[in-house]
>>> print(open('upload03.txt').read())   # compact mmCIF, C-alpha atoms
# COMPACT_ATOMS: atom_id res chain seq x y z
CA MET A 24 -74.55 34.56 9.93
CA GLU A 25 -71.50 36.11 8.28
CA ASN A 26 -68.08 34.80 9.36
CA LYS A 27 -67.08 38.19 10.77
CA ASP A 28 -70.21 38.37 12.94
CA LEU A 29 -69.81 34.76 14.04
CA ILE A 30 -66.17 35.31 15.03
CA THR A 31 -66.98 38.45 17.01
CA GLU A 32 -69.91 36.78 18.78
CA LYS A 33 -67.80 33.75 19.78
CA ALA A 34 -64.82 35.91 20.77
CA ILE A 35 -66.99 38.12 22.98
CA PHE A 36 -68.31 35.02 24.71
CA LEU A 37 -64.86 33.47 25.19
CA PHE A 38 -63.23 36.73 26.33
CA SER A 39 -66.07 37.37 28.78
CA GLN A 40 -65.87 33.85 30.24
CA LYS A 41 -62.11 33.31 30.36
CA GLY A 42 -60.51 36.71 29.99
CA TYR A 43 -58.79 38.15 26.95
CA GLU A 44 -55.32 36.83 27.77
CA ALA A 45 -56.51 33.28 28.45
CA VAL A 46 -58.10 32.86 25.03
CA GLY A 47 -55.97 31.99 22.01
CA VAL A 48 -56.63 32.45 18.32
CA GLN A 49 -56.90 28.68 17.84
CA GLU A 50 -59.68 28.44 20.43
CA ILE A 51 -61.61 31.28 18.80
CA CYS A 52 -61.27 29.54 15.44
CA GLU A 53 -62.38 26.16 16.79
CA VAL A 54 -65.44 27.58 18.55
CA SER A 55 -66.31 29.65 15.47
CA GLY A 56 -65.79 26.72 13.09
CA ILE A 57 -63.34 28.69 10.95
CA THR A 58 -59.66 28.52 10.06
CA LYS A 59 -56.93 30.83 11.31
CA PRO A 60 -56.53 32.42 7.86
CA THR A 61 -60.21 33.39 8.00
CA LEU A 62 -59.76 35.13 11.36
CA TYR A 63 -56.59 36.81 10.13
CA TYR A 64 -58.38 37.93 6.96
CA TYR A 65 -60.96 39.86 9.00
CA PHE A 66 -58.93 41.00 12.00
CA LYS A 67 -55.19 40.39 11.35
CA SER A 68 -54.70 39.17 14.96
CA LYS A 69 -56.39 38.62 18.31
CA ALA A 70 -55.47 42.20 19.21
CA GLY A 71 -57.09 43.34 15.95
CA LEU A 72 -60.24 41.47 16.94
CA LEU A 73 -60.36 43.24 20.32
CA GLU A 74 -59.70 46.55 18.60
CA TYR A 75 -62.65 45.86 16.31
CA LEU A 76 -64.84 45.15 19.35
CA ALA A 77 -63.70 48.41 20.95
CA ASN A 78 -64.46 50.32 17.77
CA THR A 79 -67.91 48.80 17.38
CA LYS A 80 -69.53 47.69 20.64
CA GLY A 81 -67.30 49.89 22.81
CA LYS A 82 -68.09 53.01 20.81
CA GLU A 83 -71.77 52.11 20.71
CA LEU A 84 -71.85 51.98 24.52
CA LEU A 85 -69.77 55.16 24.78
CA GLY A 86 -72.18 57.01 22.49
CA LYS A 87 -75.15 55.94 24.59
CA ILE A 88 -73.40 57.06 27.79
CA GLN A 89 -72.47 60.42 26.24
CA THR A 90 -76.06 60.99 25.15
CA ALA A 91 -77.45 60.07 28.57
CA LEU A 92 -74.94 62.31 30.37
CA THR A 93 -75.48 65.42 28.31
CA TYR A 94 -75.93 67.96 31.09
CA ASN A 95 -79.28 69.75 30.81
CA HIS A 96 -79.37 71.26 34.32
CA ASP A 97 -81.20 68.24 35.70
CA PHE A 98 -78.71 66.25 37.75
CA ILE A 99 -81.11 63.52 38.86
CA LYS A 100 -82.50 63.05 35.35
CA GLY A 101 -78.95 62.62 34.00
CA LEU A 102 -78.01 60.09 36.67
CA THR A 103 -81.23 58.16 36.14
CA GLY A 104 -80.78 58.26 32.37
CA VAL A 105 -77.25 56.87 32.35
CA LEU A 106 -78.14 54.17 34.87
CA LYS A 107 -81.09 53.04 32.73
CA THR A 108 -78.98 53.29 29.56
CA GLU A 109 -76.22 51.04 30.86
CA ILE A 110 -78.69 48.56 32.34
CA GLU A 111 -80.48 48.34 28.99
CA PHE A 112 -77.22 47.92 27.08
CA ALA A 113 -76.01 45.26 29.52
CA ARG A 114 -79.27 43.33 29.29
CA GLU A 115 -79.11 43.41 25.47
CA ASN A 116 -75.38 42.55 25.38
CA PRO A 117 -74.63 40.58 28.57
CA ASP A 118 -71.43 38.89 27.36
CA TYR A 119 -70.03 42.09 25.92
CA PHE A 120 -70.92 44.00 29.09
CA ASP A 121 -69.05 41.41 31.17
CA LEU A 122 -66.07 41.82 28.86
CA HIS A 123 -66.39 45.61 29.01
CA SER A 124 -66.38 45.54 32.82
CA THR A 125 -63.29 43.34 32.84
CA LEU A 126 -61.52 45.59 30.34
CA LEU A 127 -62.28 48.67 32.45
CA ASN A 128 -60.35 47.04 35.28
CA SER A 129 -57.60 45.41 33.23
CA PRO A 130 -54.01 45.90 34.40
CA GLU A 131 -52.13 48.99 33.31
CA GLY A 132 -49.63 48.07 30.63
CA SER A 133 -51.54 44.99 29.49
CA GLU A 134 -52.31 44.46 25.82
CA GLN A 135 -56.06 44.62 26.38
CA ARG A 136 -55.76 47.83 28.42
CA GLY A 137 -53.78 49.46 25.61
CA ILE A 138 -56.39 48.47 23.06
CA TYR A 139 -59.40 49.52 25.16
CA SER A 140 -57.85 52.61 26.76
CA LYS A 141 -59.55 55.11 24.43
CA ILE A 142 -62.97 53.82 25.45
CA ILE A 143 -61.99 53.76 29.14
CA ILE A 144 -60.70 57.34 29.02
CA GLU A 145 -63.73 58.67 27.13
CA ILE A 146 -66.24 57.00 29.46
CA GLN A 147 -64.40 58.29 32.53
CA LYS A 148 -64.20 61.78 31.01
CA THR A 149 -67.93 61.74 30.22
CA PHE A 150 -68.84 60.91 33.82
CA GLU A 151 -66.36 63.47 35.17
CA ASP A 152 -67.57 66.21 32.81
CA PHE A 153 -71.17 65.59 33.85
CA PHE A 154 -70.31 65.83 37.54
CA SER A 155 -68.10 68.90 36.97
CA ALA A 156 -70.92 70.65 35.11
CA SER A 157 -73.23 69.79 38.00
CA CYS A 158 -70.92 71.61 40.44
CA ASN A 159 -72.12 74.91 39.01
CA GLU A 160 -75.52 74.17 40.54
CA PHE A 161 -74.44 71.96 43.44
CA GLY A 162 -71.46 73.76 44.91
CA ASN A 163 -71.13 71.25 47.75
CA MET A 164 -69.74 68.76 45.18
CA ARG A 165 -66.90 71.08 44.19
CA GLY A 166 -63.56 69.39 44.72
CA LYS A 167 -65.21 65.98 44.96
CA GLU A 168 -66.72 65.72 41.50
CA ILE A 169 -64.16 63.19 40.21
CA LEU A 170 -64.62 61.01 43.29
CA TYR A 171 -68.40 61.14 42.94
CA ALA A 172 -68.21 60.47 39.20
CA ASN A 173 -66.11 57.35 39.78
CA LEU A 174 -68.28 56.13 42.66
CA PHE A 175 -71.46 56.54 40.64
CA HIS A 176 -69.96 54.94 37.54
CA ASN A 177 -68.97 51.92 39.62
CA ASN A 178 -72.50 51.75 41.06
CA VAL A 179 -73.89 51.81 37.53
CA LEU A 180 -71.58 48.99 36.43
CA SER A 181 -72.34 46.87 39.49
CA THR A 182 -76.08 47.35 39.12
CA ALA A 183 -76.06 46.44 35.43
CA ILE A 184 -73.97 43.32 36.07
CA LEU A 185 -76.18 42.19 38.94
CA MET A 186 -79.22 42.59 36.71
CA THR A 187 -77.70 40.64 33.82
CA LYS A 188 -76.83 37.83 36.24
CA GLY A 189 -80.37 37.76 37.63
CA LYS A 190 -79.19 38.78 41.11
CA LEU A 191 -81.12 42.05 41.11
CA GLU A 192 -84.52 42.60 39.58
CA TYR A 193 -85.00 45.67 37.41
CA SER A 194 -87.63 48.13 38.56
CA GLU A 195 -88.15 51.86 38.54
CA GLU A 196 -87.97 51.70 42.35
CA VAL A 197 -84.48 50.13 42.28
CA VAL A 198 -83.27 52.77 39.84
CA TYR A 199 -84.78 55.48 42.03
CA GLN A 200 -83.16 54.05 45.18
CA ILE A 201 -79.70 53.91 43.60
CA VAL A 202 -79.86 57.48 42.33
CA HIS A 203 -81.49 58.71 45.54
CA SER A 204 -78.77 57.12 47.70
CA LEU A 205 -76.05 58.95 45.76
CA VAL A 206 -77.79 62.29 45.82
CA TYR A 207 -79.11 62.23 49.38
CA GLY A 208 -76.96 59.65 51.13
CA MET A 209 -77.78 56.15 52.24
CA ALA A 210 -79.24 57.15 55.59
CA ASN A 211 -82.17 59.06 54.05
>>> encode(input="upload03.txt", output="structure tokens")
Amino acid sequence: MENKDLITEKAIFLFSQKGYEAVGVQEICEVSGITKPTLYYYFKSKAGLLEYLANTKGKELLGKIQTALTYNHDFIKGLTGVLKTEIEFARENPDYFDLHSTLLNSPEGSEQRGIYSKIIIEIQKTFEDFFSASCNEFGNMRGKEILYANLFHNNVLSTAILMTKGKLEYSEEVVYQIVHSLVYGMAN
């Protein structure tokens, strides 16, 4: 494995387990079996390493979400598609998805929030645009599309995390129930 790949893999694991701010460059180097100059050669700094992760894994996830939420006049298909997409990504990249979830909720003004903000904004915009486009066909959502977009996005994140932790089993029925509860309410 190349040094750059090894460093990113170990950093993702450490950041996901301890949080970005709690992990120092020295710890990343020790766990990766490299020297600080090697890390600095590839990333310049810890912030540069997180920026690299945002520009690679973060953009990969963003692209998948954007593809799944391309509005094709089928609201339920779009919701189902993005839920399945994020679950699949989370299952393939569990440590990164944990880190991603933490970064989405990182404090305003923090270093990690500043670095990851472009991804956060684009993901939020993608969900909001999908729900706004849906209002043309589902007028009862008008005025609530941003609320519904955020609620559904949080459901997607929670579901994917529960599945990566083995606390919720993946099935088509579970996916159906989650989408169905948003569209029709929990009492139906």
>>> atom_distance(input="upload03.txt", atom1="CA of Leu37 (chain A)", atom2="CA of Asn116 (chain A)")
13.9 Å
>>> atom_distance(input="upload03.txt", atom1="CA of Ala183 (chain A)", atom2="CA of Gly42 (chain A)")
19.1 Å
>>> atom_distance(input="upload03.txt", atom1="CA of Ala45 (chain A)", atom2="CA of Glu25 (chain A)")
25.3 Å
>>> closest_residue(input="upload03.txt", among="A:Leu84, A:Glu151, A:Thr182, A:Ile99", to="Ile169 (chain A)", atoms="only C-alpha atoms")
A:Glu151
>>> closest_residue(input="upload03.txt", among="A:Leu102, A:Leu29, A:Leu191, A:Val198", to="Phe175 (chain A)", atoms="all atoms listed in the file")
A:Leu102
>>> residues_around(input="upload03.txt", residues="region 110-115 of chain A", least_positions_apart="3", cutoff="10 Å", atoms="only C-alpha atoms", output="PyMOL selection string")
chain A and resi 83-84+87-88+104-107+118-121+123+179-188+193+198
>>> residues_around(input="upload03.txt", residues="Lys141 (chain A)", least_positions_apart="2", cutoff="12 Å", atoms="only C-alpha atoms", output="VMD selection string")
chain A and resid 74 77 to 78 81 to 82 85 126 to 127 135 to 139 143 to 148
>>> closest_residue(input="upload03.txt", among="A:Asn163, A:Gln89, A:Asn26, A:Gln40", to="Phe66 (chain A)", atoms="only C-alpha atoms")
A:Asn26
>>> closest_residue(input="upload03.txt", among="A:Leu174, A:Lys59, A:Tyr64, A:Lys190", to="Ser204 (chain A)", atoms="only C-alpha atoms")
A:Leu174
>>> closest_residue(input="upload03.txt", among="A:Lys41, A:Met24, A:Tyr171, A:Tyr63", to="Gly208 (chain A)", atoms="all atoms listed in the file")
A:Tyr171
>>> closest_residue(input="upload03.txt", among="A:Val197, A:Cys158, A:Ala172, A:Ile142", to="Gly86 (chain A)", atoms="all atoms listed in the file")
A:Ile142
>>> residues_around(input="upload03.txt", residues="Gln49 (chain A)", least_positions_apart="6", cutoff="10 Å", atoms="all atoms listed in the file", output="list in words")
Ser55, Ile57, Thr58, Lys59, Leu62 and Lys69 of chain A
>>> residues_around(input="upload03.txt", residues="Thr31 (chain A)", least_positions_apart="5", cutoff="9 Å", atoms="all atoms listed in the file", output="MDAnalysis selection string")
chainID A and resid 26 36 55 72:73 75:76
>>> decode(input="upload03.txt", residues="region 96-107 of chain A", atoms="C-alpha atoms", output="mmCIF file, in the first residue's frame")
data_model
loop_
_atom_site.group_PDB
_atom_site.id
_atom_site.type_symbol
_atom_site.label_atom_id
_atom_site.label_comp_id
_atom_site.auth_asym_id
_atom_site.auth_seq_id
_atom_site.Cartn_x
_atom_site.Cartn_y
_atom_site.Cartn_z
ATOM 1 C CA HIS A 96 -40.788 13.112 -11.371
ATOM 2 C CA ASP A 97 -40.720 10.042 -9.153
ATOM 3 C CA PHE A 98 -40.476 11.231 -5.562
ATOM 4 C CA ILE A 99 -40.522 7.805 -3.936
ATOM 5 C CA LYS A 100 -37.936 6.407 -6.346
ATOM 6 C CA GLY A 101 -35.612 9.334 -5.551
ATOM 7 C CA LEU A 102 -36.005 8.899 -1.799
ATOM 8 C CA THR A 103 -35.461 5.158 -2.061
ATOM 9 C CA GLY A 104 -32.452 5.649 -4.325
ATOM 10 C CA VAL A 105 -30.632 8.071 -2.046
ATOM 11 C CA LEU A 106 -31.347 5.960 1.027
ATOM 12 C CA LYS A 107 -29.919 2.862 -0.676
#
